file data07.tsv (TSV, C-alpha atoms)
chain	number	residue	atom	x	y	z
L	1	MET	CA	25.02	-0.62	3.68
L	2	ASP	CA	24.57	-3.24	6.40
L	3	ARG	CA	27.78	-3.44	8.40
L	4	GLU	CA	27.51	-7.11	9.40
L	5	ARG	CA	27.03	-8.06	5.77
L	6	CYS	CA	30.00	-5.87	4.83
L	7	ILE	CA	32.21	-7.73	7.33
L	8	GLN	CA	31.11	-11.05	5.80
L	9	ILE	CA	32.00	-9.78	2.32
L	10	LEU	CA	35.40	-8.49	3.48
L	11	LYS	CA	36.15	-11.91	4.97
L	12	GLY	CA	35.13	-13.46	1.68
L	13	TYR	CA	37.81	-11.35	0.02
L	14	GLY	CA	40.40	-12.77	2.41
L	15	ALA	CA	40.44	-10.32	5.31
L	16	GLY	CA	40.73	-12.40	8.48
L	17	ASP	CA	39.72	-11.69	12.07
L	18	ARG	CA	43.37	-11.00	12.95
L	19	ASP	CA	43.87	-8.55	10.12
L	20	ARG	CA	44.77	-5.14	11.57
L	21	ALA	CA	42.50	-3.27	9.17
L	22	MET	CA	39.58	-5.52	10.07
L	23	ARG	CA	40.17	-4.98	13.79
L	24	LEU	CA	40.34	-1.24	13.23
L	25	ILE	CA	37.08	-1.21	11.24
L	26	CYS	CA	35.22	-3.37	13.78
L	27	ASN	CA	36.46	-1.40	16.79
L	28	PHE	CA	35.52	1.90	15.17
L	29	TRP	CA	32.03	0.70	14.27
L	30	ASP	CA	31.49	-0.79	17.75
L	31	GLN	CA	32.55	2.34	19.64
L	32	ALA	CA	31.48	5.26	17.44
L	33	SER	CA	28.41	7.31	18.33
L	34	PHE	CA	26.61	9.81	16.13
L	35	ALA	CA	24.25	12.76	16.57
L	36	CYS	CA	22.04	14.60	14.09
L	37	ARG	CA	22.46	18.37	13.81
L	38	ALA	CA	19.52	20.58	12.81
L	39	GLN	CA	19.16	24.35	13.17
L	40	GLY	CA	22.38	24.49	15.16
L	41	ARG	CA	21.24	21.92	17.73
L	42	TYR	CA	22.41	18.36	18.24
L	43	GLY	CA	20.07	15.48	18.95
L	44	ARG	CA	20.59	12.51	21.25
L	45	PRO	CA	23.65	10.38	20.43
L	46	PHE	CA	22.89	7.05	18.82
L	47	LYS	CA	24.65	4.00	17.46
L	48	ALA	CA	24.58	3.27	13.75
L	49	GLY	CA	24.26	-0.20	12.25
L	50	ARG	CA	24.53	0.88	8.64
L	51	GLY	CA	26.66	3.10	6.44
L	52	VAL	CA	30.21	4.41	6.60
L	53	THR	CA	31.65	7.70	7.80
L	54	GLN	CA	32.26	10.07	4.93
L	55	GLY	CA	35.48	11.98	4.24
L	56	GLY	CA	38.04	9.34	5.22
L	57	PRO	CA	40.11	6.86	3.22
L	58	LEU	CA	38.06	3.89	4.46
L	59	SER	CA	34.78	4.91	2.83
L	60	PRO	CA	35.79	4.69	-0.87
L	61	LYS	CA	37.64	1.40	-0.33
L	62	ILE	CA	34.62	-0.24	1.27
L	63	PHE	CA	32.39	1.28	-1.41
L	64	ASN	CA	34.53	-0.35	-4.12
L	65	VAL	CA	34.34	-3.74	-2.44
L	66	MET	CA	30.58	-3.52	-1.88
L	67	VAL	CA	29.83	-2.47	-5.48
L	68	ASP	CA	32.08	-5.26	-6.70
L	69	ALA	CA	30.13	-7.78	-4.61
L	70	ILE	CA	26.77	-6.37	-5.72
L	71	VAL	CA	27.67	-6.56	-9.40
L	72	ARG	CA	29.01	-10.11	-9.11
L	73	GLU	CA	25.81	-11.22	-7.38
L	74	TRP	CA	23.73	-9.34	-9.94
L	75	LEU	CA	25.47	-11.13	-12.78
L	76	ARG	CA	25.12	-14.48	-11.03
L	77	ARG	CA	21.35	-13.96	-10.72
L	78	LEU	CA	21.14	-12.75	-14.31
L	79	LEU	CA	22.84	-15.92	-15.60
L	80	CYS	CA	20.66	-18.04	-13.32
L	81	TYR	CA	17.52	-16.32	-14.56
L	82	VAL	CA	18.38	-16.95	-18.21
L	83	ALA	CA	19.31	-20.56	-17.53
L	84	CYS	CA	16.31	-21.34	-15.32
L	85	HIS	CA	13.70	-19.57	-17.44
L	86	LYS	CA	15.23	-20.49	-20.83
L	87	THR	CA	14.87	-16.85	-21.85
L	88	THR	CA	15.69	-16.19	-25.50
L	89	HIS	CA	15.26	-12.42	-25.61
L	90	PRO	CA	18.39	-11.22	-27.52
L	91	ARG	CA	18.98	-8.24	-25.28
L	92	TRP	CA	19.46	-10.47	-22.27
L	93	PHE	CA	22.40	-12.06	-24.08
L	94	GLN	CA	23.76	-8.67	-25.11
L	95	VAL	CA	23.87	-7.68	-21.46
L	96	ILE	CA	25.46	-10.99	-20.42
L	97	ASN	CA	28.10	-10.74	-23.15
L	98	LEU	CA	28.95	-7.21	-22.07
L	99	PHE	CA	29.54	-8.32	-18.49
L	100	GLN	CA	31.47	-11.42	-19.49
L	101	ILE	CA	33.83	-9.36	-21.64
L	102	LEU	CA	34.36	-6.80	-18.89
L	103	ARG	CA	34.98	-9.55	-16.33
L	104	SER	CA	37.32	-11.59	-18.50
L	105	ASN	CA	40.46	-9.88	-17.16
L	106	THR	CA	39.22	-9.77	-13.54
L	107	PRO	CA	40.21	-12.91	-11.60
L	108	GLU	CA	37.94	-14.17	-8.83
L	109	GLY	CA	39.01	-12.91	-5.41
L	110	THR	CA	40.16	-9.51	-6.66
L	111	THR	CA	38.19	-6.33	-7.10
L	112	MET	CA	37.19	-5.39	-10.61
L	113	SER	CA	39.38	-3.47	-13.00
L	114	ARG	CA	39.23	0.32	-13.07
L	115	ASN	CA	37.41	0.39	-16.43
L	116	PHE	CA	34.81	-2.07	-15.20
L	117	PHE	CA	34.34	-0.15	-11.99
L	118	VAL	CA	33.97	3.23	-13.72
L	119	LEU	CA	31.36	1.80	-16.09
L	120	ILE	CA	29.48	-0.21	-13.54
L	121	THR	CA	29.26	2.42	-10.80
L	122	SER	CA	26.89	4.57	-12.82
L	123	ILE	CA	24.82	1.61	-14.07
L	124	ALA	CA	24.77	-0.86	-11.17
L	125	ALA	CA	24.14	1.71	-8.44
L	126	THR	CA	21.18	3.01	-10.40
L	127	CYS	CA	19.90	-0.52	-10.92
L	128	VAL	CA	20.12	-1.34	-7.24
L	129	VAL	CA	18.00	1.73	-6.43
L	130	ASN	CA	15.55	1.46	-9.31
L	131	PHE	CA	15.27	-1.79	-11.19
L	132	PHE	CA	12.82	-0.52	-13.75
L	133	LEU	CA	15.04	2.39	-14.74
L	134	CYS	CA	17.77	-0.24	-15.15
L	135	GLN	CA	15.40	-2.28	-17.29
L	136	THR	CA	14.92	0.73	-19.57
L	137	ILE	CA	18.66	1.39	-19.83
L	138	LEU	CA	19.90	-2.16	-20.37
L	139	VAL	CA	17.08	-4.37	-21.53
L	140	GLY	CA	14.49	-2.11	-23.14
L	141	GLY	CA	11.46	-4.04	-21.92
L	142	GLY	CA	10.35	-7.65	-21.90
L	143	VAL	CA	10.78	-8.07	-18.14
L	144	THR	CA	7.88	-8.48	-15.77
L	145	LYS	CA	7.78	-7.15	-12.21
L	146	THR	CA	8.04	-10.66	-10.78
L	147	ASP	CA	11.15	-11.65	-12.77
L	148	PHE	CA	13.68	-10.26	-10.31
L	149	VAL	CA	12.04	-7.77	-8.02
L	150	THR	CA	10.80	-8.63	-4.57
L	151	HIS	CA	8.62	-6.23	-2.62
L	152	PRO	CA	10.71	-3.42	-1.11
L	153	ALA	CA	11.04	-3.36	2.65
L	154	LYS	CA	8.36	-1.39	4.48
L	155	LEU	CA	8.60	0.39	7.80
L	156	ALA	CA	5.63	-1.66	9.01
L	157	ASP	CA	7.06	-5.06	8.04
L	158	GLY	CA	6.85	-7.36	11.05
L	159	CYS	CA	4.12	-5.27	12.71
L	160	TYR	CA	0.97	-7.21	13.54
L	161	HIS	CA	-1.06	-4.33	14.98
L	162	ILE	CA	-0.34	-0.71	14.02
L	163	PHE	CA	-1.23	2.51	15.82
L	164	LEU	CA	-0.74	5.67	13.75
L	165	ASP	CA	-0.57	8.73	16.00
L	166	VAL	CA	-0.97	11.50	13.42
L	167	GLY	CA	-0.40	14.78	15.20
L	168	ALA	CA	1.21	13.14	18.22
L	169	ASN	CA	2.16	16.25	20.23
L	170	ILE	CA	4.18	14.64	23.08
L	171	GLY	CA	3.03	11.09	22.36
L	172	VAL	CA	0.66	10.40	25.26
L	173	HIS	CA	-1.78	8.37	23.15
L	174	SER	CA	0.88	5.78	22.43
L	175	ARG	CA	1.50	5.64	26.16
L	176	PHE	CA	-2.24	5.05	26.72
L	177	LEU	CA	-1.89	2.03	24.43
L	178	PHE	CA	1.39	0.57	25.69
L	179	GLU	CA	0.98	1.45	29.39
L	180	PRO	CA	-2.79	1.59	30.03
L	181	ASP	CA	-2.61	1.00	33.78
L	182	LYS	CA	-0.68	4.24	34.26
L	183	TYR	CA	-3.46	6.31	32.64
L	184	PRO	CA	-6.78	5.31	34.21
L	185	GLU	CA	-8.52	8.58	33.25
L	186	ALA	CA	-7.96	8.09	29.50
L	187	LYS	CA	-11.23	6.20	29.36
L	188	GLU	CA	-12.28	7.11	25.80
L	189	ALA	CA	-8.95	6.12	24.30
L	190	HIS	CA	-8.98	2.86	26.30
L	191	LYS	CA	-12.41	1.97	24.88
L	192	ILE	CA	-11.09	2.27	21.33
L	193	PHE	CA	-7.84	0.42	21.99
L	194	ASP	CA	-9.60	-2.41	23.84
L	195	SER	CA	-12.14	-2.71	21.03
L	196	GLU	CA	-9.58	-2.69	18.22
L	197	PHE	CA	-6.54	-4.44	19.72
L	198	GLY	CA	-8.14	-6.56	22.42
L	199	ASP	CA	-8.54	-6.02	26.13
L	200	LYS	CA	-5.40	-4.72	27.83
L	201	SER	CA	-5.18	-7.92	29.88
L	202	ALA	CA	-5.01	-10.05	26.73
L	203	ARG	CA	-2.98	-8.02	24.24
L	204	ASP	CA	0.79	-8.11	24.04
L	205	ASN	CA	2.83	-4.98	23.30
L	206	ARG	CA	5.26	-7.02	21.21
L	207	ASP	CA	2.52	-7.34	18.58
L	208	ILE	CA	2.12	-3.56	18.24
L	209	CYS	CA	3.99	-0.89	16.32
L	210	ALA	CA	3.28	2.80	16.93
L	211	PHE	CA	4.19	5.48	14.39
L	212	ALA	CA	4.12	9.03	15.78
L	213	PHE	CA	3.92	11.89	13.26
L	214	GLU	CA	4.88	15.15	14.96
L	215	PRO	CA	6.45	18.12	13.14
L	216	ASN	CA	7.13	20.36	16.15
L	217	PRO	CA	10.92	20.43	16.61
L	218	ASN	CA	10.45	21.39	20.27
L	219	HIS	CA	9.00	17.92	20.91
L	220	ALA	CA	11.76	15.99	19.12
L	221	SER	CA	13.80	15.19	22.25
L	222	ARG	CA	10.67	13.92	24.00
L	223	HIS	CA	9.87	11.49	21.17
L	224	GLN	CA	13.46	10.33	20.95
L	225	ALA	CA	13.47	9.61	24.69
L	226	LEU	CA	10.17	7.73	24.40
L	227	GLU	CA	11.47	5.77	21.42
L	228	GLU	CA	14.59	4.75	23.33
L	229	ALA	CA	12.71	3.86	26.53
L	230	TYR	CA	10.26	1.66	24.63
L	231	LYS	CA	13.03	0.03	22.66
L	232	LEU	CA	14.54	-1.14	25.94
L	233	GLN	CA	11.17	-2.70	26.80
L	234	GLY	CA	11.06	-4.51	23.45
L	235	TRP	CA	8.26	-2.24	22.18
L	236	ARG	CA	8.31	-0.61	18.74
L	237	TYR	CA	7.72	3.15	18.70
L	238	HIS	CA	8.77	5.07	15.60
L	239	TYR	CA	9.04	8.85	15.65
L	240	ILE	CA	8.45	10.58	12.28
L	241	PRO	CA	9.33	14.30	12.49
L	242	ALA	CA	6.96	15.53	9.79
L	243	ALA	CA	3.49	16.94	9.26
L	244	VAL	CA	0.98	15.25	6.94
L	245	SER	CA	-1.09	16.67	4.11
L	246	ASN	CA	-2.21	15.80	0.56
L	247	ALA	CA	1.20	16.56	-1.00
L	248	GLU	CA	4.88	16.34	-0.13
L	249	GLY	CA	7.22	19.25	0.41
L	250	ASN	CA	7.56	21.86	3.13
L	251	ILE	CA	5.06	24.10	4.87
L	252	THR	CA	5.25	27.04	7.29
L	253	PHE	CA	3.96	26.23	10.77
L	254	TYR	CA	3.75	28.62	13.72
L	255	HIS	CA	4.75	28.38	17.34
L	256	ASN	CA	1.70	30.09	18.84
L	257	HIS	CA	2.94	30.96	22.34
L	258	ASP	CA	1.04	28.16	24.05
L	259	GLU	CA	3.94	26.36	25.67
L	260	GLU	CA	1.88	25.94	28.84
L	261	ASN	CA	-0.38	23.65	26.77
L	262	GLU	CA	2.46	21.67	25.17
L	263	GLU	CA	2.05	23.83	22.03
L	264	PHE	CA	-1.09	21.99	20.97
L	265	GLY	CA	-1.82	24.92	18.60
L	266	PHE	CA	1.36	24.35	16.57
L	267	SER	CA	-0.02	24.47	13.02
L	268	ASP	CA	-0.08	26.33	9.71
L	269	HIS	CA	-2.35	28.96	11.34
L	270	ASP	CA	-0.89	32.02	13.05
L	271	LEU	CA	-3.35	32.14	15.94
L	272	LYS	CA	-1.89	35.38	17.36
L	273	THR	CA	-2.30	34.05	20.87
L	274	GLY	CA	-2.48	36.92	23.37
L	275	GLY	CA	-2.21	39.36	20.48
L	276	LYS	CA	1.32	38.16	19.66
L	277	ALA	CA	2.26	36.97	16.20
L	278	GLY	CA	3.36	33.36	16.00
L	279	SER	CA	6.95	32.37	15.30
L	280	PRO	CA	7.18	30.75	11.84
L	281	VAL	CA	9.18	27.61	11.14
L	282	SER	CA	9.43	25.49	8.00
L	283	VAL	CA	8.59	21.83	8.53
L	284	PRO	CA	8.51	18.86	6.12
L	285	ILE	CA	5.17	17.40	5.07
L	286	LEU	CA	4.35	13.90	3.83
L	287	ARG	CA	1.46	12.87	1.67
L	288	LEU	CA	-0.16	10.51	4.14
L	289	SER	CA	-2.00	8.49	1.49
L	290	ASP	CA	1.30	7.67	-0.22
L	291	TRP	CA	2.99	6.84	3.07
L	292	LEU	CA	0.25	4.38	3.98
L	293	MET	CA	0.48	2.60	0.63
L	294	ASN	CA	4.29	2.54	0.68
L	295	GLU	CA	4.87	1.59	4.31
L	296	VAL	CA	1.73	-0.17	5.62
L	297	HIS	CA	-0.25	-1.69	2.74
L	298	LYS	CA	0.65	-5.35	2.18
L	299	ARG	CA	3.20	-5.30	4.97
L	300	LYS	CA	4.78	-8.59	5.98
L	301	LEU	CA	2.97	-9.91	9.04
L	302	PRO	CA	5.02	-11.71	11.70
L	303	LYS	CA	4.84	-15.48	11.85
L	304	ASP	CA	4.74	-15.53	15.64
L	305	VAL	CA	2.05	-13.48	17.38
L	306	GLU	CA	1.80	-13.23	21.16
L	307	GLY	CA	-1.83	-12.10	21.42
L	308	SER	CA	-4.94	-13.41	19.70
L	309	PHE	CA	-6.63	-10.31	18.27
L	310	GLY	CA	-6.30	-8.62	14.89
L	311	PRO	CA	-4.38	-7.68	12.83
L	312	ARG	CA	-5.64	-4.10	13.05
L	313	VAL	CA	-4.56	-0.61	11.98
L	314	VAL	CA	-5.88	2.31	14.04
L	315	MET	CA	-5.21	5.99	13.41
L	316	LYS	CA	-5.59	8.93	15.75
L	317	MET	CA	-5.79	12.18	13.79
L	318	ASP	CA	-5.37	15.56	15.47
L	319	ILE	CA	-3.68	17.73	12.86
L	320	GLU	CA	-5.00	21.24	13.53
L	321	SER	CA	-7.20	21.65	10.41
L	322	GLN	CA	-4.98	19.72	7.98
L	323	GLU	CA	-7.74	17.09	8.11
L	324	TYR	CA	-9.59	19.12	5.46
L	325	ALA	CA	-6.76	18.34	3.04
L	326	VAL	CA	-5.81	14.88	4.30
L	327	LEU	CA	-9.16	13.09	4.68
L	328	PRO	CA	-10.43	13.70	1.11
L	329	ASP	CA	-7.07	12.57	-0.24
L	330	LEU	CA	-7.13	9.41	1.88
L	331	MET	CA	-10.67	8.61	0.74
L	332	PHE	CA	-10.47	9.34	-2.97
L	333	SER	CA	-7.00	7.84	-3.42
L	334	GLY	CA	-8.34	4.56	-2.06
L	335	SER	CA	-5.54	4.21	0.47
L	336	LEU	CA	-7.84	4.56	3.46
L	337	CYS	CA	-10.00	1.55	2.63
L	338	LYS	CA	-6.88	-0.49	1.87
L	339	THR	CA	-4.93	0.19	5.05
L	340	VAL	CA	-6.88	1.54	8.05
L	341	ASN	CA	-9.63	-0.06	10.15
L	342	THR	CA	-10.52	2.84	12.45
L	343	ILE	CA	-9.79	6.57	12.67
L	344	PHE	CA	-10.56	8.69	15.69
L	345	GLY	CA	-9.91	12.38	16.17
L	346	GLU	CA	-11.37	15.86	16.11
L	347	TYR	CA	-12.40	18.36	13.42
L	348	HIS	CA	-11.17	21.91	13.90
L	349	PRO	CA	-13.48	24.91	13.37
L	350	TRP	CA	-10.86	27.25	11.90
L	351	ALA	CA	-11.26	29.18	8.65
L	352	ILE	CA	-9.64	27.26	5.78
L	353	LYS	CA	-8.22	28.53	2.51
L	354	TYR	CA	-6.16	26.31	0.23
L	355	ASP	CA	-4.83	27.90	-2.95
L	356	GLN	CA	-5.76	26.40	-6.28
L	357	ASP	CA	-3.14	24.83	-8.52
L	358	GLN	CA	-3.08	27.22	-11.46
L	359	SER	CA	-1.75	24.57	-13.86
L	360	THR	CA	-4.54	22.07	-13.19
L	361	GLY	CA	-7.35	24.17	-11.77
L	362	ARG	CA	-7.61	21.77	-8.83
L	363	GLY	CA	-6.84	21.95	-5.14
L	364	GLY	CA	-8.59	25.15	-4.08
L	365	LEU	CA	-10.78	25.11	-0.96
L	366	THR	CA	-12.30	27.85	1.19
L	367	ILE	CA	-14.28	27.16	4.38
L	368	ALA	CA	-15.56	29.90	6.66
L	369	GLN	CA	-14.84	29.96	10.38
L	370	ARG	CA	-16.77	27.26	12.31
L	371	GLN	CA	-18.28	25.73	9.17
L	372	GLY	CA	-15.64	23.05	8.69
L	373	PRO	CA	-16.75	20.43	11.24
L	374	GLU	CA	-20.28	20.16	9.84
L	375	LYS	CA	-19.01	19.90	6.28
L	376	ILE	CA	-16.55	17.18	7.12
L	377	ARG	CA	-19.16	15.27	9.17
L	378	ASP	CA	-21.35	15.17	6.06
L	379	PHE	CA	-18.32	14.07	4.06
L	380	VAL	CA	-17.59	11.25	6.50
L	381	ALA	CA	-21.26	10.18	6.40
L	382	PHE	CA	-21.00	9.82	2.62
L	383	PHE	CA	-17.83	7.77	3.09
L	384	HIS	CA	-19.59	5.47	5.56
L	385	SER	CA	-22.26	4.90	2.93
L	386	PHE	CA	-19.75	3.22	0.58
L	387	ARG	CA	-20.72	-0.43	0.29
L	388	TYR	CA	-17.28	-1.70	-0.61
L	389	CYS	CA	-14.34	-0.81	1.63
L	390	GLU	CA	-11.68	-3.48	2.04
L	391	MET	CA	-10.87	-2.67	5.69
L	392	ASN	CA	-14.42	-1.58	6.57
L	393	THR	CA	-12.93	1.73	7.70
L	394	HIS	CA	-14.97	3.82	10.10
L	395	PHE	CA	-14.54	7.18	11.87
L	396	ILE	CA	-15.06	8.06	15.51
L	397	GLU	CA	-15.20	11.76	16.39
L	398	LEU	CA	-13.26	11.93	19.62
L	399	ASP	CA	-10.81	14.31	21.28
L	400	ASP	CA	-9.22	12.78	24.37
L	401	GLU	CA	-7.02	15.51	25.84
L	402	SER	CA	-6.54	13.79	29.20
L	403	TYR	CA	-2.99	13.80	30.52
L	404	LEU	CA	-2.06	16.78	28.34
L	405	HIS	CA	1.28	17.12	30.13
L	406	ASP	CA	1.71	13.37	30.64
L	407	GLY	CA	3.42	13.63	34.03
L	408	VAL	CA	4.16	9.91	34.16
L	409	PRO	CA	7.86	8.93	34.18
L	410	LEU	CA	9.07	6.88	31.22
L	411	PRO	CA	9.56	3.17	31.88
L	412	SER	CA	13.04	2.27	33.05
call {"tool": "encode", "arguments": {"input": "data07.tsv", "output": "structure tokens"}}
result
Amino acid sequence: MDRERCIQILKGYGAGDRDRAMRLICNFWDQASFACRAQGRYGRPFKAGRGVTQGGPLSPKIFNVMVDAIVREWLRRLLCYVACHKTTHPRWFQVINLFQILRSNTPEGTTMSRNFFVLITSIAATCVVNFFLCQTILVGGGVTKTDFVTHPAKLADGCYHIFLDVGANIGVHSRFLFEPDKYPEAKEAHKIFDSEFGDKSARDNRDICAFAFEPNPNHASRHQALEEAYKLQGWRYHYIPAAVSNAEGNITFYHNHDEENEEFGFSDHDLKTGGKAGSPVSVPILRLSDWLMNEVHKRKLPKDVEGSFGPRVVMKMDIESQEYAVLPDLMFSGSLCKTVNTIFGEYHPWAIKYDQDQSTGRGGLTIAQRQGPEKIRDFVAFFHSFRYCEMNTHFIELDDESYLHDGVPLPS
């Protein structure tokens, strides 16, 4: 729920600026801070621009008003659709008649009757979330995707260039991109960024969005600080606290006692560093191919662009052997050729064993120690031989570990 829009709706119902309840709501929303709690620890406080606090008397009242407004607007658009498109499908009129009957005893300017609200909460809320489920419930077909539905918002909407830092560790590669002059020794990364996004002297950071995928909870505060510092500069850096693979769910990763190296061995392998067993932790995983299609593919490009290069999507991949699951999925799903121009990263020589899905007989993979890089190089060579790839995607095998500890203060 967008709070500014909620205030507009409340005013439309007659609540004025001098109304005590309105002043209370606005003051609370302006002054309240929130913090996420995970594993007994609290994150950095932040301001919220959406939603309401649960557990108080205010939340259900605002919910009632918002659902009332949503349903009224929904009905208005439904009537407009039928009138403008001269639709004669009988079920459209059944739906309209139902709403007209339920609204008949509900004057304009008041919230809907209890019976209407009880009925509509279960139907309208579902429809707002999933139009096509609503179509099945109410209409039973006969509606095309373009009748009502616009494309859902994507995380990458408004991003001209995109840098995907997959396996971000402490996020130094994004700093190489946004602050190149502070990292003169990151020469290999600079070559790629200059080639893909334009020379550092010509590109503008306002054209770029960076998405940093990093599942290590010990690095969360670092990414949150970087996100906040860049936000103050007008730069878009989005921290995604998850690992990537070829499926969604959770996976066990291990802290492998390499804190002096920023835990760059944090992975699903217990490396038994120094003869000590790793400390297991469950982390969420995303299917990267789905994420790219849902959040990047066909994103809305900005109308105003500061630089003159692109648009481009570049991915750095350093995911501690998960590349053996992720890359085939990206290739065969088709998402790679539809979304990414260039990938650079390293291939890890660890032994790999993925269990087979017993229900389908698919998904199993075993690779002996040190055999993985050569196999995946051959795989990438076959991919490069594809004649038709929408984004002309290509791979660069590169591991730029310069500035492992960063050491450069965040911009103020």
call {"tool": "residues_near_point", "arguments": {"input": "data07.tsv", "point": "(2.1, -0.6, 14.1)", "cutoff": "6 Å", "atoms": "all atoms listed in the file", "output": "list in words"}}
result
Cys159, His161, Ile162, Phe163, Ile208, Cys209 and Ala210 of chain L
call {"tool": "closest_atom_pairs", "arguments": {"input": "data07.tsv", "of": "segment 186-220 of chain L", "to": "segment 256-273 of chain L", "cutoff": "12 Å", "atoms": "all atoms listed in the file", "output": "Markdown table"}}
result
| residue | atom | partner | partner_atom | distance |
| --- | --- | --- | --- | --- |
| L:Glu214 | CA | L:Phe266 | CA | 10.0 |
| L:Pro215 | CA | L:Phe266 | CA | 8.7 |
| L:Asn216 | CA | L:Phe266 | CA | 7.0 |
| L:Pro217 | CA | L:Phe266 | CA | 10.3 |
| L:Asn218 | CA | L:Glu263 | CA | 8.9 |
| L:His219 | CA | L:Glu262 | CA | 8.7 |
call {"tool": "residues_around", "arguments": {"input": "data07.tsv", "residues": "Val166 of chain L", "least_positions_apart": "6", "cutoff": "6 Å", "atoms": "all atoms listed in the file", "output": "PDB file with C-alpha atoms, in the coordinates of the input"}}
result
ATOM      1  CA  PHE L 213       3.920  11.890  13.260  1.00  0.00           C
ATOM      2  CA  LYS L 316      -5.590   8.930  15.750  1.00  0.00           C
ATOM      3  CA  MET L 317      -5.790  12.180  13.790  1.00  0.00           C
TER       4      MET L 317
END
call {"tool": "residues_around", "arguments": {"input": "data07.tsv", "residues": "Lys298 of chain L", "least_positions_apart": "5", "cutoff": "9 Å", "atoms": "only C-alpha atoms", "output": "ChimeraX atom specification"}}
result
/L:154,157,293,338-339
call {"tool": "residues_around", "arguments": {"input": "data07.tsv", "residues": "Gly334 of chain L", "least_positions_apart": "4", "cutoff": "12 Å", "atoms": "all atoms listed in the file", "output": "compact mmCIF listing (two decimals) with C-alpha atoms, keeping the file's coordinate frame"}}
result
# COMPACT_ATOMS: atom_id res chain seq x y z
CA LEU L 288 -0.16 10.51 4.14
CA SER L 289 -2.00 8.49 1.49
CA ASP L 290 1.30 7.67 -0.22
CA LEU L 292 0.25 4.38 3.98
CA MET L 293 0.48 2.60 0.63
CA HIS L 297 -0.25 -1.69 2.74
CA LEU L 327 -9.16 13.09 4.68
CA PRO L 328 -10.43 13.70 1.11
CA ASP L 329 -7.07 12.57 -0.24
CA LEU L 330 -7.13 9.41 1.88
CA LYS L 338 -6.88 -0.49 1.87
CA THR L 339 -4.93 0.19 5.05
CA VAL L 340 -6.88 1.54 8.05
CA PHE L 383 -17.83 7.77 3.09
CA PHE L 386 -19.75 3.22 0.58
CA TYR L 388 -17.28 -1.70 -0.61
CA CYS L 389 -14.34 -0.81 1.63
CA GLU L 390 -11.68 -3.48 2.04
CA MET L 391 -10.87 -2.67 5.69
CA THR L 393 -12.93 1.73 7.70
call {"tool": "closest_residue", "arguments": {"input": "data07.tsv", "among": "L:Gly372, L:Gly158, L:Pro45, L:Gly171", "to": "Leu301 of chain L", "atoms": "only C-alpha atoms"}}
result
L:Gly158
call {"tool": "residues_around", "arguments": {"input": "data07.tsv", "residues": "Phe46 of chain L", "least_positions_apart": "5", "cutoff": "7 Å", "atoms": "only C-alpha atoms", "output": "list in words"}}
result
Ser33, Phe34 and Ala35 of chain L
call {"tool": "residues_around", "arguments": {"input": "data07.tsv", "residues": "Leu226 of chain L", "least_positions_apart": "5", "cutoff": "12 Å", "atoms": "only C-alpha atoms", "output": "list in words"}}
result
Arg44, Ile170, Gly171, Val172, Ser174, Arg175, Phe178, Ala210, Phe211, Ala212, His219, Ala220, Ser221, Lys231, Leu232, Gln233, Trp235, Arg236, Tyr237, His238, Tyr239, Asp406, Val408, Pro409, Leu410, Pro411 and Ser412 of chain L
call {"tool": "axis_aligned_box", "arguments": {"input": "data07.tsv", "around": "segment 277-294 of chain L", "padding_each_side": "4 Å", "output": "JSON"}}
result
{"center_x": 3.7, "center_y": 19.8, "center_z": 8.0, "size_x": 19.4, "size_y": 42.4, "size_z": 24.4}
call {"tool": "atom_distance", "arguments": {"input": "data07.tsv", "atom1": "atom CA of Asn294 of chain L", "atom2": "atom CA of Ala153 of chain L"}}
result
9.2 Å
call {"tool": "closest_residue", "arguments": {"input": "data07.tsv", "among": "L:Arg37, L:Pro241, L:Phe332, L:Met315", "to": "His394 of chain L", "atoms": "all atoms listed in the file"}}
result
L:Met315
call {"tool": "atom_distance", "arguments": {"input": "data07.tsv", "atom1": "atom CA of Leu286 of chain L", "atom2": "atom CA of Tyr354 of chain L"}}
result
16.7 Å
call {"tool": "closest_residue", "arguments": {"input": "data07.tsv", "among": "L:Phe382, L:Phe344, L:Tyr324, L:Trp350", "to": "Asp399 of chain L", "atoms": "all atoms listed in the file"}}
result
L:Phe344
call {"tool": "atom_distance", "arguments": {"input": "data07.tsv", "atom1": "atom CA of Arg362 of chain L", "atom2": "atom CA of Ala247 of chain L"}}
result
12.9 Å
call {"tool": "closest_residue", "arguments": {"input": "data07.tsv", "among": "L:Leu398, L:Ala202, L:Ile352, L:Ile62", "to": "Gly364 of chain L", "atoms": "all atoms listed in the file"}}
result
L:Ile352
call {"tool": "closest_residue", "arguments": {"input": "data07.tsv", "among": "L:Val65, L:Pro302, L:Pro180, L:Val281", "to": "Gln8 of chain L", "atoms": "all atoms listed in the file"}}
result
L:Val65
